[in-house]
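J.: final_31.pdb is the file, holding PDB, C-alpha atoms and all ligand atoms:
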```pdb
MODEL        1
ATOM      1  CA  MET A 213       4.466 -17.660  17.679  1.00  0.00           C
ATOM      2  CA  ILE A 214       6.352 -14.387  18.075  1.00  0.00           C
ATOM      3  CA  ASP A 215       9.493 -16.319  19.031  1.00  0.00           C
ATOM      4  CA  GLN A 216       9.114 -18.488  15.934  1.00  0.00           C
ATOM      5  CA  ALA A 217       8.790 -15.405  13.747  1.00  0.00           C
ATOM      6  CA  VAL A 218      11.861 -13.872  15.399  1.00  0.00           C
ATOM      7  CA  GLU A 219      13.828 -17.046  14.749  1.00  0.00           C
ATOM      8  CA  LEU A 220      12.857 -17.174  11.055  1.00  0.00           C
ATOM      9  CA  ILE A 221      13.713 -13.519  10.485  1.00  0.00           C
ATOM     10  CA  ARG A 222      17.040 -13.938  12.284  1.00  0.00           C
ATOM     11  CA  LYS A 223      17.958 -16.882  10.050  1.00  0.00           C
ATOM     12  CA  SER A 224      16.896 -15.251   6.797  1.00  0.00           C
ATOM     13  CA  SER A 225      19.367 -13.509   4.533  1.00  0.00           C
ATOM     14  CA  TYR A 226      16.965 -11.551   2.302  1.00  0.00           C
ATOM     15  CA  SER A 227      13.613 -10.740   3.812  1.00  0.00           C
ATOM     16  CA  ILE A 228      10.815  -8.609   2.443  1.00  0.00           C
ATOM     17  CA  ALA A 229       7.588  -7.290   3.924  1.00  0.00           C
ATOM     18  CA  LEU A 230       4.314  -7.330   2.035  1.00  0.00           C
ATOM     19  CA  THR A 231       1.763  -4.941   3.492  1.00  0.00           C
ATOM     20  CA  GLY A 232      -1.864  -4.102   2.861  1.00  0.00           C
ATOM     21  CA  ALA A 233      -4.597  -1.902   4.238  1.00  0.00           C
ATOM     22  CA  GLY A 234      -4.510  -3.576   7.671  1.00  0.00           C
ATOM     23  CA  ILE A 235      -1.176  -1.976   8.523  1.00  0.00           C
ATOM     24  CA  SER A 236      -2.708   1.476   8.112  1.00  0.00           C
ATOM     25  CA  THR A 237      -6.012   0.969   9.901  1.00  0.00           C
ATOM     26  CA  PRO A 238      -4.308   1.736  13.274  1.00  0.00           C
ATOM     27  CA  SER A 239      -3.387   5.085  11.648  1.00  0.00           C
ATOM     28  CA  GLY A 240      -7.080   5.782  11.076  1.00  0.00           C
ATOM     29  CA  ILE A 241      -7.181   4.883   7.389  1.00  0.00           C
ATOM     30  CA  PRO A 242      -9.904   2.362   6.545  1.00  0.00           C
ATOM     31  CA  ASP A 243      -9.367  -0.400   4.021  1.00  0.00           C
ATOM     32  CA  PHE A 244     -10.785   1.421   1.039  1.00  0.00           C
ATOM     33  CA  ARG A 245     -11.643  -1.819  -0.710  1.00  0.00           C
ATOM     34  CA  SER A 246     -13.719  -3.063   2.217  1.00  0.00           C
ATOM     35  CA  HIS A 247     -17.399  -2.371   2.703  1.00  0.00           C
ATOM     36  CA  GLU A 248     -16.798  -1.042   6.224  1.00  0.00           C
ATOM     37  CA  SER A 249     -14.936   1.927   4.757  1.00  0.00           C
ATOM     38  CA  GLY A 250     -18.199   3.232   3.358  1.00  0.00           C
ATOM     39  CA  LEU A 251     -16.444   4.007   0.112  1.00  0.00           C
ATOM     40  CA  TRP A 252     -18.198   1.185  -1.676  1.00  0.00           C
ATOM     41  CA  ASN A 253     -21.699   1.845  -0.405  1.00  0.00           C
ATOM     42  CA  ASN A 254     -22.286   3.836  -3.523  1.00  0.00           C
ATOM     43  CA  ALA A 255     -23.135   1.238  -6.164  1.00  0.00           C
ATOM     44  CA  ASP A 256     -21.234   3.197  -8.790  1.00  0.00           C
ATOM     45  CA  ALA A 257     -17.951   3.158  -6.884  1.00  0.00           C
ATOM     46  CA  MET A 258     -16.349   0.524  -9.099  1.00  0.00           C
ATOM     47  CA  GLN A 259     -17.132   2.724 -12.050  1.00  0.00           C
ATOM     48  CA  VAL A 260     -16.113   5.965 -10.323  1.00  0.00           C
ATOM     49  CA  ALA A 261     -12.757   4.496  -9.251  1.00  0.00           C
ATOM     50  CA  SER A 262     -11.914   3.043 -12.646  1.00  0.00           C
ATOM     51  CA  LEU A 263      -9.757   4.629 -15.289  1.00  0.00           C
ATOM     52  CA  SER A 264     -12.620   4.906 -17.749  1.00  0.00           C
ATOM     53  CA  GLY A 265     -14.845   6.315 -14.996  1.00  0.00           C
ATOM     54  CA  PHE A 266     -12.236   8.923 -14.185  1.00  0.00           C
ATOM     55  CA  ARG A 267     -11.962  10.004 -17.820  1.00  0.00           C
ATOM     56  CA  TYR A 268     -15.721  10.210 -18.143  1.00  0.00           C
ATOM     57  CA  ASN A 269     -16.444  11.915 -14.835  1.00  0.00           C
ATOM     58  CA  PRO A 270     -13.412  13.229 -12.902  1.00  0.00           C
ATOM     59  CA  LEU A 271     -15.683  15.236 -10.600  1.00  0.00           C
ATOM     60  CA  GLY A 272     -17.387  12.005  -9.542  1.00  0.00           C
ATOM     61  CA  PHE A 273     -13.990  10.528  -8.728  1.00  0.00           C
ATOM     62  CA  TYR A 274     -12.885  13.524  -6.656  1.00  0.00           C
ATOM     63  CA  THR A 275     -16.185  13.637  -4.801  1.00  0.00           C
ATOM     64  CA  TRP A 276     -15.776   9.958  -3.975  1.00  0.00           C
ATOM     65  CA  ILE A 277     -12.079  10.069  -3.001  1.00  0.00           C
ATOM     66  CA  ARG A 278     -12.160  13.315  -0.994  1.00  0.00           C
ATOM     67  CA  PRO A 279     -13.008  11.889   2.474  1.00  0.00           C
ATOM     68  CA  PHE A 280     -10.443   9.099   2.006  1.00  0.00           C
ATOM     69  CA  ALA A 281      -7.731  11.476   0.771  1.00  0.00           C
ATOM     70  CA  ASP A 282      -8.494  13.742   3.724  1.00  0.00           C
ATOM     71  CA  LEU A 283      -7.827  10.870   6.158  1.00  0.00           C
ATOM     72  CA  ILE A 284      -4.552  10.078   4.372  1.00  0.00           C
ATOM     73  CA  LYS A 285      -3.485  13.718   4.475  1.00  0.00           C
ATOM     74  CA  ASN A 286      -3.778  13.762   8.270  1.00  0.00           C
ATOM     75  CA  ALA A 287      -2.560  10.228   9.014  1.00  0.00           C
ATOM     76  CA  LEU A 288       0.701   9.434  10.765  1.00  0.00           C
ATOM     77  CA  PRO A 289       2.678   6.189  10.738  1.00  0.00           C
ATOM     78  CA  ASN A 290       1.813   3.845  13.607  1.00  0.00           C
ATOM     79  CA  PRO A 291       4.047   1.434  15.596  1.00  0.00           C
ATOM     80  CA  ALA A 292       3.710  -1.231  12.883  1.00  0.00           C
ATOM     81  CA  HIS A 293       5.190   1.100  10.246  1.00  0.00           C
ATOM     82  CA  PHE A 294       7.964   2.163  12.624  1.00  0.00           C
ATOM     83  CA  ALA A 295       8.760  -1.468  13.443  1.00  0.00           C
ATOM     84  CA  LEU A 296       9.390  -2.174   9.743  1.00  0.00           C
ATOM     85  CA  ALA A 297      11.581   0.928   9.481  1.00  0.00           C
ATOM     86  CA  THR A 298      13.623  -0.297  12.456  1.00  0.00           C
ATOM     87  CA  LEU A 299      13.904  -3.729  10.862  1.00  0.00           C
ATOM     88  CA  GLU A 300      15.345  -2.168   7.710  1.00  0.00           C
ATOM     89  CA  ASP A 301      17.775  -0.114   9.839  1.00  0.00           C
ATOM     90  CA  LEU A 302      18.878  -3.313  11.544  1.00  0.00           C
ATOM     91  CA  GLY A 303      19.673  -4.784   8.129  1.00  0.00           C
ATOM     92  CA  MET A 304      17.023  -7.459   8.589  1.00  0.00           C
ATOM     93  CA  LEU A 305      14.559  -6.190   5.992  1.00  0.00           C
ATOM     94  CA  GLN A 306      15.560  -5.602   2.401  1.00  0.00           C
ATOM     95  CA  ALA A 307      12.337  -4.214   0.910  1.00  0.00           C
ATOM     96  CA  VAL A 308       8.731  -3.303   1.640  1.00  0.00           C
ATOM     97  CA  ILE A 309       6.145  -4.031  -1.031  1.00  0.00           C
ATOM     98  CA  THR A 310       2.883  -2.292  -0.249  1.00  0.00           C
ATOM     99  CA  GLN A 311      -0.594  -2.165  -1.717  1.00  0.00           C
ATOM    100  CA  ASN A 312      -1.255   1.053   0.202  1.00  0.00           C
ATOM    101  CA  ILE A 313      -1.291   4.463  -1.424  1.00  0.00           C
ATOM    102  CA  ASP A 314      -0.930   6.386   1.857  1.00  0.00           C
ATOM    103  CA  MET A 315       2.888   6.764   1.780  1.00  0.00           C
ATOM    104  CA  LEU A 316       3.174   5.942   5.494  1.00  0.00           C
ATOM    105  CA  HIS A 317       6.067   3.482   5.038  1.00  0.00           C
ATOM    106  CA  VAL A 318       8.183   6.247   3.556  1.00  0.00           C
ATOM    107  CA  ASP A 319       7.026   8.635   6.300  1.00  0.00           C
ATOM    108  CA  ALA A 320       8.100   6.060   8.894  1.00  0.00           C
ATOM    109  CA  GLY A 321      11.602   5.933   7.430  1.00  0.00           C
ATOM    110  CA  ASN A 322      11.690   2.844   5.217  1.00  0.00           C
ATOM    111  CA  ARG A 323      13.881   3.548   2.196  1.00  0.00           C
ATOM    112  CA  ASN A 324      13.301   0.562  -0.039  1.00  0.00           C
ATOM    113  CA  VAL A 325       9.551   0.804  -0.589  1.00  0.00           C
ATOM    114  CA  TYR A 326       7.658  -0.397  -3.655  1.00  0.00           C
ATOM    115  CA  GLU A 327       4.206   1.157  -3.800  1.00  0.00           C
ATOM    116  CA  VAL A 328       2.662  -1.171  -6.360  1.00  0.00           C
ATOM    117  CA  HIS A 329      -0.774   0.482  -6.281  1.00  0.00           C
ATOM    118  CA  GLY A 330       0.714   3.951  -6.619  1.00  0.00           C
ATOM    119  CA  HIS A 331       0.680   6.891  -4.217  1.00  0.00           C
ATOM    120  CA  LEU A 332      -0.608  10.422  -3.792  1.00  0.00           C
ATOM    121  CA  ARG A 333       2.762  12.177  -4.093  1.00  0.00           C
ATOM    122  CA  GLN A 334       2.332  13.126  -7.733  1.00  0.00           C
ATOM    123  CA  MET A 335      -0.492  13.683 -10.170  1.00  0.00           C
ATOM    124  CA  THR A 336      -0.571  13.207 -13.923  1.00  0.00           C
ATOM    125  CA  CYS A 337      -2.559  15.081 -16.547  1.00  0.00           C
ATOM    126  CA  ILE A 338      -4.742  12.566 -18.391  1.00  0.00           C
ATOM    127  CA  ASN A 339      -4.519  14.715 -21.492  1.00  0.00           C
ATOM    128  CA  CYS A 340      -0.813  15.679 -21.930  1.00  0.00           C
ATOM    129  CA  PHE A 341       0.692  13.300 -19.272  1.00  0.00           C
ATOM    130  CA  LYS A 342       2.612  16.069 -17.553  1.00  0.00           C
ATOM    131  CA  GLU A 343       3.392  15.225 -13.910  1.00  0.00           C
ATOM    132  CA  TYR A 344       2.961  17.543 -10.949  1.00  0.00           C
ATOM    133  CA  ASP A 345       3.692  17.363  -7.227  1.00  0.00           C
ATOM    134  CA  SER A 346       0.394  16.764  -5.467  1.00  0.00           C
ATOM    135  CA  GLU A 347       0.995  18.771  -2.340  1.00  0.00           C
ATOM    136  CA  PRO A 348       0.147  22.321  -3.497  1.00  0.00           C
ATOM    137  CA  ILE A 349      -2.621  21.015  -5.751  1.00  0.00           C
ATOM    138  CA  LEU A 350      -4.296  18.948  -3.045  1.00  0.00           C
ATOM    139  CA  LYS A 351      -3.864  21.768  -0.529  1.00  0.00           C
ATOM    140  CA  LYS A 352      -5.945  23.993  -2.785  1.00  0.00           C
ATOM    141  CA  PHE A 353      -8.379  21.137  -3.427  1.00  0.00           C
ATOM    142  CA  PHE A 354      -9.039  20.722   0.304  1.00  0.00           C
ATOM    143  CA  GLU A 355      -9.281  24.461   0.937  1.00  0.00           C
ATOM    144  CA  ASN A 356     -12.126  24.765  -1.540  1.00  0.00           C
ATOM    145  CA  LYS A 357     -15.517  24.123   0.017  1.00  0.00           C
ATOM    146  CA  GLU A 358     -16.879  23.121  -3.333  1.00  0.00           C
ATOM    147  CA  ILE A 359     -15.227  20.139  -4.964  1.00  0.00           C
ATOM    148  CA  GLU A 360     -13.323  21.110  -8.060  1.00  0.00           C
ATOM    149  CA  VAL A 361     -11.368  18.840 -10.386  1.00  0.00           C
ATOM    150  CA  PRO A 362      -7.666  19.822 -10.275  1.00  0.00           C
ATOM    151  CA  ARG A 363      -6.639  20.911 -13.757  1.00  0.00           C
ATOM    152  CA  CYS A 364      -3.344  20.834 -15.649  1.00  0.00           C
ATOM    153  CA  PRO A 365      -1.872  24.368 -15.802  1.00  0.00           C
ATOM    154  CA  ALA A 366      -0.396  23.516 -19.205  1.00  0.00           C
ATOM    155  CA  CYS A 367      -3.436  22.197 -21.060  1.00  0.00           C
ATOM    156  CA  GLY A 368      -6.456  22.241 -18.753  1.00  0.00           C
ATOM    157  CA  GLY A 369      -6.816  18.450 -18.691  1.00  0.00           C
ATOM    158  CA  ALA A 370      -7.973  16.715 -15.508  1.00  0.00           C
ATOM    159  CA  LEU A 371      -5.162  15.732 -13.125  1.00  0.00           C
ATOM    160  CA  LYS A 372      -5.285  12.180 -11.815  1.00  0.00           C
ATOM    161  CA  PRO A 373      -3.397  11.208  -8.650  1.00  0.00           C
ATOM    162  CA  ASN A 374      -0.739   8.576  -9.374  1.00  0.00           C
ATOM    163  CA  VAL A 375      -2.826   5.869  -7.761  1.00  0.00           C
ATOM    164  CA  ILE A 376      -3.783   2.785  -9.684  1.00  0.00           C
ATOM    165  CA  LEU A 377      -7.456   2.726 -10.544  1.00  0.00           C
ATOM    166  CA  PHE A 378      -9.492  -0.295 -11.548  1.00  0.00           C
ATOM    167  CA  GLY A 379      -8.771  -1.198 -15.120  1.00  0.00           C
ATOM    168  CA  GLU A 380      -5.355   0.416 -14.971  1.00  0.00           C
ATOM    169  CA  GLN A 381      -1.964  -1.289 -15.333  1.00  0.00           C
ATOM    170  CA  LEU A 382       0.266  -1.511 -12.267  1.00  0.00           C
ATOM    171  CA  PRO A 383       3.223   0.892 -12.470  1.00  0.00           C
ATOM    172  CA  MET A 384       5.582  -1.258 -14.524  1.00  0.00           C
ATOM    173  CA  GLN A 385       8.987  -0.150 -13.228  1.00  0.00           C
ATOM    174  CA  VAL A 386       7.957  -0.380  -9.596  1.00  0.00           C
ATOM    175  CA  PHE A 387       6.292  -3.713 -10.152  1.00  0.00           C
ATOM    176  CA  ILE A 388       9.378  -5.162 -11.859  1.00  0.00           C
ATOM    177  CA  LYS A 389      11.556  -4.043  -8.938  1.00  0.00           C
ATOM    178  CA  ALA A 390       9.090  -5.592  -6.507  1.00  0.00           C
ATOM    179  CA  GLN A 391       9.216  -8.843  -8.458  1.00  0.00           C
ATOM    180  CA  GLN A 392      13.010  -8.796  -8.345  1.00  0.00           C
ATOM    181  CA  ALA A 393      12.899  -8.419  -4.569  1.00  0.00           C
ATOM    182  CA  VAL A 394      10.476 -11.343  -4.377  1.00  0.00           C
ATOM    183  CA  ARG A 395      12.806 -13.481  -6.483  1.00  0.00           C
ATOM    184  CA  HIS A 396      15.668 -12.817  -4.051  1.00  0.00           C
ATOM    185  CA  ALA A 397      13.594 -13.313  -0.941  1.00  0.00           C
ATOM    186  CA  ASP A 398      14.041 -16.237   1.431  1.00  0.00           C
ATOM    187  CA  LEU A 399      11.441 -14.787   3.778  1.00  0.00           C
ATOM    188  CA  VAL A 400       8.286 -12.747   3.354  1.00  0.00           C
ATOM    189  CA  LEU A 401       6.568 -11.083   6.281  1.00  0.00           C
ATOM    190  CA  VAL A 402       2.952 -10.375   5.335  1.00  0.00           C
ATOM    191  CA  ALA A 403       1.387  -7.686   7.498  1.00  0.00           C
ATOM    192  CA  GLY A 404      -2.171  -6.425   7.276  1.00  0.00           C
ATOM    193  CA  SER A 405      -3.034  -7.911   3.921  1.00  0.00           C
ATOM    194  CA  SER A 406      -5.785 -10.422   3.370  1.00  0.00           C
ATOM    195  CA  LEU A 407      -3.854 -11.517   0.252  1.00  0.00           C
ATOM    196  CA  GLU A 408      -6.891 -11.337  -1.971  1.00  0.00           C
ATOM    197  CA  VAL A 409      -5.696  -8.825  -4.534  1.00  0.00           C
ATOM    198  CA  HIS A 410      -3.646 -10.255  -7.374  1.00  0.00           C
ATOM    199  CA  PRO A 411      -0.941 -10.177  -8.598  1.00  0.00           C
ATOM    200  CA  VAL A 412       0.607  -9.123  -5.268  1.00  0.00           C
ATOM    201  CA  ALA A 413      -1.182 -11.984  -3.523  1.00  0.00           C
ATOM    202  CA  ASP A 414       0.928 -14.424  -5.545  1.00  0.00           C
ATOM    203  CA  PHE A 415       4.179 -13.238  -3.961  1.00  0.00           C
ATOM    204  CA  PRO A 416       4.059 -15.411  -0.798  1.00  0.00           C
ATOM    205  CA  VAL A 417       3.325 -18.471  -2.937  1.00  0.00           C
ATOM    206  CA  GLN A 418       6.349 -17.646  -5.058  1.00  0.00           C
ATOM    207  CA  VAL A 419       8.617 -17.266  -2.015  1.00  0.00           C
ATOM    208  CA  ARG A 420       7.416 -20.627  -0.716  1.00  0.00           C
ATOM    209  CA  ARG A 421       8.091 -22.215  -4.098  1.00  0.00           C
ATOM    210  CA  GLN A 422      11.652 -20.874  -3.937  1.00  0.00           C
ATOM    211  CA  GLY A 423      12.102 -22.633  -0.605  1.00  0.00           C
ATOM    212  CA  GLY A 424      11.616 -19.465   1.463  1.00  0.00           C
ATOM    213  CA  ARG A 425       9.537 -18.886   4.574  1.00  0.00           C
ATOM    214  CA  VAL A 426       6.246 -17.052   5.021  1.00  0.00           C
ATOM    215  CA  ILE A 427       5.085 -15.235   8.160  1.00  0.00           C
ATOM    216  CA  ILE A 428       1.560 -13.796   8.184  1.00  0.00           C
ATOM    217  CA  VAL A 429       0.464 -11.204  10.742  1.00  0.00           C
ATOM    218  CA  ASN A 430      -3.150 -10.206  10.272  1.00  0.00           C
ATOM    219  CA  ASN A 431      -6.229  -9.627  12.407  1.00  0.00           C
ATOM    220  CA  GLU A 432      -8.253 -12.119  10.435  1.00  0.00           C
ATOM    221  CA  ARG A 433      -7.750 -15.282   8.442  1.00  0.00           C
ATOM    222  CA  THR A 434      -6.132 -14.915   5.042  1.00  0.00           C
ATOM    223  CA  VAL A 435      -6.538 -17.166   2.032  1.00  0.00           C
ATOM    224  CA  GLN A 436      -2.875 -18.190   2.346  1.00  0.00           C
ATOM    225  CA  ASP A 437      -2.659 -19.070   6.032  1.00  0.00           C
ATOM    226  CA  ASP A 438      -2.243 -22.716   5.003  1.00  0.00           C
ATOM    227  CA  ILE A 439       1.029 -22.105   3.170  1.00  0.00           C
ATOM    228  CA  ALA A 440       2.532 -19.934   5.929  1.00  0.00           C
ATOM    229  CA  ASN A 441       5.207 -21.200   8.332  1.00  0.00           C
ATOM    230  CA  VAL A 442       3.964 -18.881  11.073  1.00  0.00           C
ATOM    231  CA  VAL A 443       0.539 -17.234  11.357  1.00  0.00           C
ATOM    232  CA  ILE A 444      -0.005 -14.646  14.069  1.00  0.00           C
ATOM    233  CA  ARG A 445      -3.544 -13.369  14.435  1.00  0.00           C
ATOM    234  CA  GLY A 446      -3.854  -9.976  16.053  1.00  0.00           C
ATOM    235  CA  ASP A 447      -3.095  -6.286  15.919  1.00  0.00           C
ATOM    236  CA  VAL A 448      -0.137  -5.509  13.635  1.00  0.00           C
ATOM    237  CA  ALA A 449       0.627  -2.390  15.687  1.00  0.00           C
ATOM    238  CA  GLU A 450       1.321  -4.623  18.709  1.00  0.00           C
ATOM    239  CA  ILE A 451       2.793  -7.725  17.098  1.00  0.00           C
ATOM    240  CA  LEU A 452       5.333  -6.169  14.723  1.00  0.00           C
ATOM    241  CA  PRO A 453       6.925  -4.024  17.453  1.00  0.00           C
ATOM    242  CA  ALA A 454       7.050  -7.096  19.731  1.00  0.00           C
ATOM    243  CA  ILE A 455       8.899  -9.050  17.039  1.00  0.00           C
ATOM    244  CA  VAL A 456      11.305  -6.231  16.229  1.00  0.00           C
ATOM    245  CA  ASP A 457      12.031  -5.473  19.908  1.00  0.00           C
ATOM    246  CA  LYS A 458      13.224  -9.050  20.345  1.00  0.00           C
ATOM    247  CA  LEU A 459      15.378  -8.895  17.222  1.00  0.00           C
ATOM    248  CA  ALA A 460      16.855  -5.535  18.239  1.00  0.00           C
ATOM    249  CA  SER A 461      17.798  -6.775  21.693  1.00  0.00           C
ATOM    250  CA  GLU A 462      19.655  -9.857  20.476  1.00  0.00           C
TER     251      GLU A 462
HETATM  252 ZN    ZN A 501      -1.996  18.652 -19.440  1.00  0.00          ZN
ENDMDL
END
```
For the file at hand, write its structure as structure tokens.
T.:
Amino acid sequence: MIDQAVELIRKSSYSIALTGAGISTPSGIPDFRSHESGLWNNADAMQVASLSGFRYNPLGFYTWIRPFADLIKNALPNPAHFALATLEDLGMLQAVITQNIDMLHVDAGNRNVYEVHGHLRQMTCINCFKEYDSEPILKKFFENKEIEVPRCPACGGALKPNVILFGEQLPMQVFIKAQQAVRHADLVLVAGSSLEVHPVADFPVQVRRQGGRVIIVNNERTVQDDIANVVIRGDVAEILPAIVDKLASE
């Protein structure tokens, strides 16, 4: 299966990677949409992590997100992230589209990354829409023992990380660029996504419809295994480096 994936990537002229939470679990970040993460054990989580919930109760949001944000703050890219960075360096990967907000693809060295669910790099005031770099703000947030809602220095409004909450539009410019990459793609390598979250989950179907190829690497079955040319079940942090090592040595 690895050899088949290698062959398809070698023959492709415009390949993209589509990644989800599974690529970051080897970095110690749980899939925050899964029940195992513990983040959803609170029945109100859907409300807390929605845009209207944030506006109503930002303290509830920050209390909920703090353990997850703490894991992200300390996480490092794993061999799966580095494999995709190498693939881009080799000229065999044109873009990474990710559902993750942890920024690890950029940390690993990928340059063409579309973070369609947002990221934690910046925060926006929900009152005056001024943007701020997250780093100093989150540093202070984590230093405080008591959880405090970060506030806009200009107007005092609550600052929301630039992550996409439930009920919120995807970031339009990034999403349009991601769609353009999908339109060009003759191969999509899905890694660590169960392909259940739309509209990103539609991308492999679109690539297939264009006559392109689909490779899925995931530790469990996905809803689109049937349309894939190659399905490899297992640990992304082992399989992606194995694929890229073969491509690099050719
Ligand atoms: Zn403001």
J.: So, with all atoms listed in the file as the atoms that count, which of A:Leu288, A:Ile313, A:Ala370, A:Val412 lies closest to ligand ZN 501 (chain A)?
T.: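 Residue with the minimum atom-to-atom distance to ligand ZN 501 (chain A): A:Ala370.
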J.: What are the closest atom pairs, with distances in Å to one decimal, for each residue of range 214-245 of chain A lying within 9 Å of range 432-449 of chain A, using only C-alpha atoms, rows by chain and rising residue number, as JSON lines?
T.:
```
{"residue": "A:Ile214", "atom": "CA", "partner": "A:Ile444", "partner_atom": "CA", "distance": 7.5}
{"residue": "A:Gln216", "atom": "CA", "partner": "A:Val442", "partner_atom": "CA", "distance": 7.1}
{"residue": "A:Ala217", "atom": "CA", "partner": "A:Val442", "partner_atom": "CA", "distance": 6.5}
{"residue": "A:Gly234", "atom": "CA", "partner": "A:Val448", "partner_atom": "CA", "distance": 7.6}
{"residue": "A:Ile235", "atom": "CA", "partner": "A:Val448", "partner_atom": "CA", "distance": 6.3}
{"residue": "A:Pro238", "atom": "CA", "partner": "A:Ala449", "partner_atom": "CA", "distance": 6.9}
```
J.: Can I get the residues close to ligand ZN 501 (chain A) as a ChimeraX atom specification, where close means within 8 Å and we count only C-alpha atoms and all ligand atoms?
T.: /A:336-342,363-371
J.: Could you state which residues are captured by the PyMOL selection byres (((chain A and resi 317) around 9) and not hetatm) in this file, as a list in words?
T.: Pro289, His293, Phe294, Leu296, Ala297, Val308, Thr310, Asp314, Met315, Leu316, Val318, Asp319, Ala320, Gly321, Asn322, Arg323 and Val325 of chain A
J.: Going by the chain IDs and residue numbers used in this file, which residues fall under the PyMOL selection byres (((chain A and resi 276-279) around 12) and not hetatm)? Write them as a ChimeraX atom specification.
T.: /A:241-242,244,249-262,265-266,269-275,280-286,332,350-351,353-361,372-373,375,377
J.: Mind giving me the straight-line distance from CA of Val328 in chain A to CA of Leu305 in chain A in Å, one decimal?
T.: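 Going from CA of Val328 in chain A over to CA of Leu305 in chain A covers 17.9 Å.
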J.: The PyMOL selection byres (((chain A and resi 421) around 12) and not hetatm) on the file shown: which residues, as a PyMOL selection string?
T.: chain A and resi 394-395+397-399+414-420+422-426+439-440
J.: Which residues come within 8 Å of Val386 in chain A, counting all atoms listed in the file, excluding same-chain residues fewer than 4 positions away, as a PyMOL selection string?
T.: chain A and resi 326-328+390
J.: How many Å separate CA of Ser224 in chain A from CA of Val429 in chain A?
T.: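 CA of Val429 in chain A lies 17.4 Å from CA of Ser224 in chain A.
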J.: Taking all atoms listed in the file into account, name the residue in A:Ala403, A:Pro291, A:Ala229, A:Val456 that is nearest to Gln306 in chain A.
T.: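 Answer, going by the shortest atom-to-atom distance: A:Ala229.
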J.: Considering only C-alpha atoms, can you say which of A:His329, A:Met335, A:Ile349, A:Val400 comes closest to Gln385 in chain A?
T.: A:His329
J.: Step by step, gather every atom of range 219-222 of chain A that the file lists, find the box along x, y and z that holds them, add 4 Å on each side, and finally give centre and edge lengths in Å to one decimal, as JSON.
T.:
```
{"center_x": 14.9, "center_y": -15.3, "center_z": 12.6, "size_x": 12.2, "size_y": 11.7, "size_z": 12.3}
```
J.: Mind giving me the straight-line distance from CA of Lys352 in chain A to CA of Asn290 in chain A in Å, one decimal?
T.: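 Interatomic distance here is 27.1 Å.
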J.: Would you please work out which residue, of A:Asn431, A:Asp215, A:Gly232, A:Pro362, is nearest to Val402 in chain A when using only C-alpha atoms?
T.: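 Nearest candidate to Val402 in chain A out of A:Asn431, A:Asp215, A:Gly232, A:Pro362: A:Gly232.
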